[in-house]
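**Student:** Structure in structure tokens, see below.
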Number of protein chains: 2
Amino acid sequence: MSATSQSPEVPARGKRADALRNQQTLLAAAAAVFVTSGVEAPIREIAARAGVGIGTIYRHFPTRADLVVAVYRHQVEACAEAGPTLLANAASPLAALRQWVDLFTDFLVTKHGLANALQSDTGGFDALHTYFVDRLVPVCAQLLDASVDSGEIVPGTGPYELMRGIGNLCIGRNNDPAYDPRRLVDLLLRGLQQPR
Amino acid sequence: MSATSQSPEVPARGKRADALRNQQTLLAAAAAVFVTSGVEAPIREIAARAGVGIGTIYRHFPTRADLVVAVYRHQVEACAEAGPTLLANAASPLAALRQWVDLFTDFLVTKHGLANALQSDTGGFDALHTYFVDRLVPVCAQLLDASVDSGEIVPGTGPYELMRGIGNLCIGRNNDPAYDPRRLVDLLLRGLQQPR
DNA sequence: CTAATATACGGAACGCTGATCCGTTTTCCA
DNA sequence: TGGAAAACGGATCAGCGTTCCGTATATTAG
């Protein structure tokens, strides 16, 4: 497969100074463009914003997913690390799950087009989906299992299923006053609670 | 806006015979291509399948949405008409709502990429979204209101909200054994029932 | 400090897709 | 049957992703 193996935060030694500089410049430019034009913005737009050639962006981030992952790595990590913390501090496992889901939902809603990209079958977004799943599903699983164990939630729903459901609910323009993803995510969580 | 005003089923009089023939040919070709390549299949592919030029397809269906709407019109109508019938025959309003939602879900799940298209901000899919909303939201509203009136569901959720939530849950590859849209839709419906 | 070499850069170029536009062909009616 | 109106076909333009290679730059050996 293609390179998710990049480690932009702690770049390998021996790289040329200009390469490292460009890498940072690109990340900043991409972050800025993602905010205004969404994660599906034309590569050329990002390259232009960074003031580099198209070749450079492909060299550093062979796949669109690599770039997106690099840009949002911090926040995904934060979300992942919040899981155990919330579980330890919240009043109940379900409360922790709720808080975590809120975190996750906010993340998706505020990143223009990210939820779409996670499900998009087109583009080079496969690695993005994989990264999210690998990093967050275990966290979600822990919260979910704990909530089942505490009897606050009925068993039978897997962490991937839940996360993808939430992700899907966050797809689409988020400026629409008639559709608030958070409300529906809440409904979904209610559905997980045993009514009887 | 662009033409959803086409009425392919009862074509306006005065149209030329070859035009009518091509219209039908195109609908058939599009239906076939949609099954194999999804509703986002290249226009050229549909044109080729129908044995017509690109110009012809654009003349008959200026927007991608026009073509999709024309292809699925029958099924959308059927779904719309099923609403009142179910409400009249089911054991309870909630039962009717459930059955209708199943119908709607099946429709989306079996039409490759349709759910995606309904939310896609790109492409000429706006009219598609509009058509679905105009035709089905009132039906859903009737079922929803009845269910609220019967006390089986908590108030506060709008028909558009619900339908879009369901639509969103149906987005993505439906061959994935780890994600069954129907299960999550069911969860959402459970969430609508008053837990207390 | 300079030369040699690896490394990185830039952007031209190719393929695919959507959309338009106009010369040609077909239909149909007077 | 002749000719205008309607429809057709596909060449063509524009946008985007992706590849590729000649050129420029950093690094290091001497």
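Chain identifiers are assigned as A, B, and so on, following the order in which chains appear in the structure tokens; residues are numbered from 1 within each chain, and ligands are numbered from 1 in order of appearance.
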Any chance you could tabulate, as CSV, the residues of chain D at most 10 Å from chain A with each one's nearest atom pair and distance in Å to one decimal, using only C-alpha atoms (C1' of nucleotides), in chain and rising number order?
**Tutor:**
```
residue,atom,partner,partner_atom,distance
D:DG15,C1',A:Pro42,CA,9.4
D:DC16,C1',A:Pro42,CA,6.9
D:DG17,C1',A:Ile43,CA,8.1
D:DT18,C1',A:Tyr58,CA,8.7
D:DT19,C1',A:Gly55,CA,9.1
D:DC20,C1',A:Gly55,CA,9.5
D:DT25,C1',A:Asp18,CA,8.7
D:DA26,C1',A:Arg16,CA,6.6
D:DT27,C1',A:Arg16,CA,8.0
```
**Student:** Print the selection's residues with N, CA and C atoms (P, O5', C5', C4', C3', O3' and C1' of nucleotides) to a file, as a compact mmCIF listing (two decimals), in the first residue's frame.
**Tutor:**
```
# COMPACT_ATOMS: atom_id res chain seq x y z
P DG D 15 -10.86 26.17 -16.11
O5' DG D 15 -10.94 24.88 -15.18
C5' DG D 15 -12.21 24.44 -14.69
C4' DG D 15 -12.02 23.13 -13.96
C3' DG D 15 -10.84 23.16 -12.98
O3' DG D 15 -11.23 22.51 -11.79
C1' DG D 15 -10.56 21.39 -14.52
P DC D 16 -10.31 22.70 -10.51
O5' DC D 16 -9.74 21.24 -10.31
C5' DC D 16 -10.65 20.13 -10.26
C4' DC D 16 -9.87 18.85 -10.45
C3' DC D 16 -8.57 18.80 -9.65
O3' DC D 16 -8.72 17.84 -8.60
C1' DC D 16 -8.31 17.94 -11.88
P DG D 17 -7.49 17.45 -7.72
O5' DG D 17 -6.98 16.15 -8.49
C5' DG D 17 -7.81 14.98 -8.46
C4' DG D 17 -7.06 13.82 -9.07
C3' DG D 17 -5.79 13.43 -8.32
O3' DG D 17 -5.70 12.01 -8.31
C1' DG D 17 -5.26 14.01 -10.57
P DT D 18 -4.62 11.31 -7.42
O5' DT D 18 -3.44 11.10 -8.48
C5' DT D 18 -3.70 10.38 -9.68
C4' DT D 18 -2.47 10.39 -10.56
C3' DT D 18 -1.14 10.20 -9.83
O3' DT D 18 -0.53 9.02 -10.32
C1' DT D 18 -1.02 11.97 -11.41
P DT D 19 0.88 8.51 -9.79
O5' DT D 19 1.80 8.78 -11.07
C5' DT D 19 1.25 8.54 -12.36
C4' DT D 19 2.24 8.97 -13.43
C3' DT D 19 3.70 8.64 -13.14
O3' DT D 19 4.31 8.18 -14.34
C1' DT D 19 3.48 10.96 -13.54
P DC D 20 5.73 7.43 -14.25
O5' DC D 20 6.59 8.30 -15.26
C5' DC D 20 5.98 9.37 -15.96
C4' DC D 20 7.04 10.34 -16.44
C3' DC D 20 8.49 9.95 -16.13
O3' DC D 20 9.30 10.30 -17.23
C1' DC D 20 8.00 12.01 -15.08
P DT D 25 18.62 27.30 -7.33
O5' DT D 25 18.81 26.49 -5.98
C5' DT D 25 17.73 25.68 -5.49
C4' DT D 25 18.26 24.67 -4.51
C3' DT D 25 19.36 25.19 -3.59
O3' DT D 25 19.01 24.88 -2.26
C1' DT D 25 19.98 23.12 -4.49
P DA D 26 19.63 25.67 -1.02
O5' DA D 26 20.11 24.46 -0.12
C5' DA D 26 19.15 23.48 0.27
C4' DA D 26 19.86 22.17 0.56
C3' DA D 26 20.92 22.25 1.66
O3' DA D 26 20.62 21.25 2.62
C1' DA D 26 21.81 21.22 -0.28
P DT D 27 21.41 21.20 4.00
O5' DT D 27 22.49 20.08 3.71
C5' DT D 27 22.06 18.87 3.11
C4' DT D 27 23.24 18.00 2.76
C3' DT D 27 24.36 17.99 3.80
O3' DT D 27 24.68 16.64 4.08
C1' DT D 27 25.26 18.38 1.65
```
**Student:** I need the chain A residues near chain B as a ChimeraX atom specification; criterion: at most 10 Å, counting only C-alpha atoms.
**Tutor:** /A:113,116,118-121,157-162,164-173,178-181,183-196
**Student:** Considering only C-alpha atoms (C1' of nucleotides), extract the chain C residues located within 10 Å of chain A and return them as a VMD selection string.
**Tutor:** chain C and resid 7 to 11
**Student:** Can you check which residues of stretch 9-186 of chain B DSSP gives as alpha helix (DSSP H) on the backbone and send them as number ranges by chain?
**Tutor:** B: 17-37, 43-50, 54-60, 64-89, 93-110, 114-119, 126-149, 159-169, 181-186
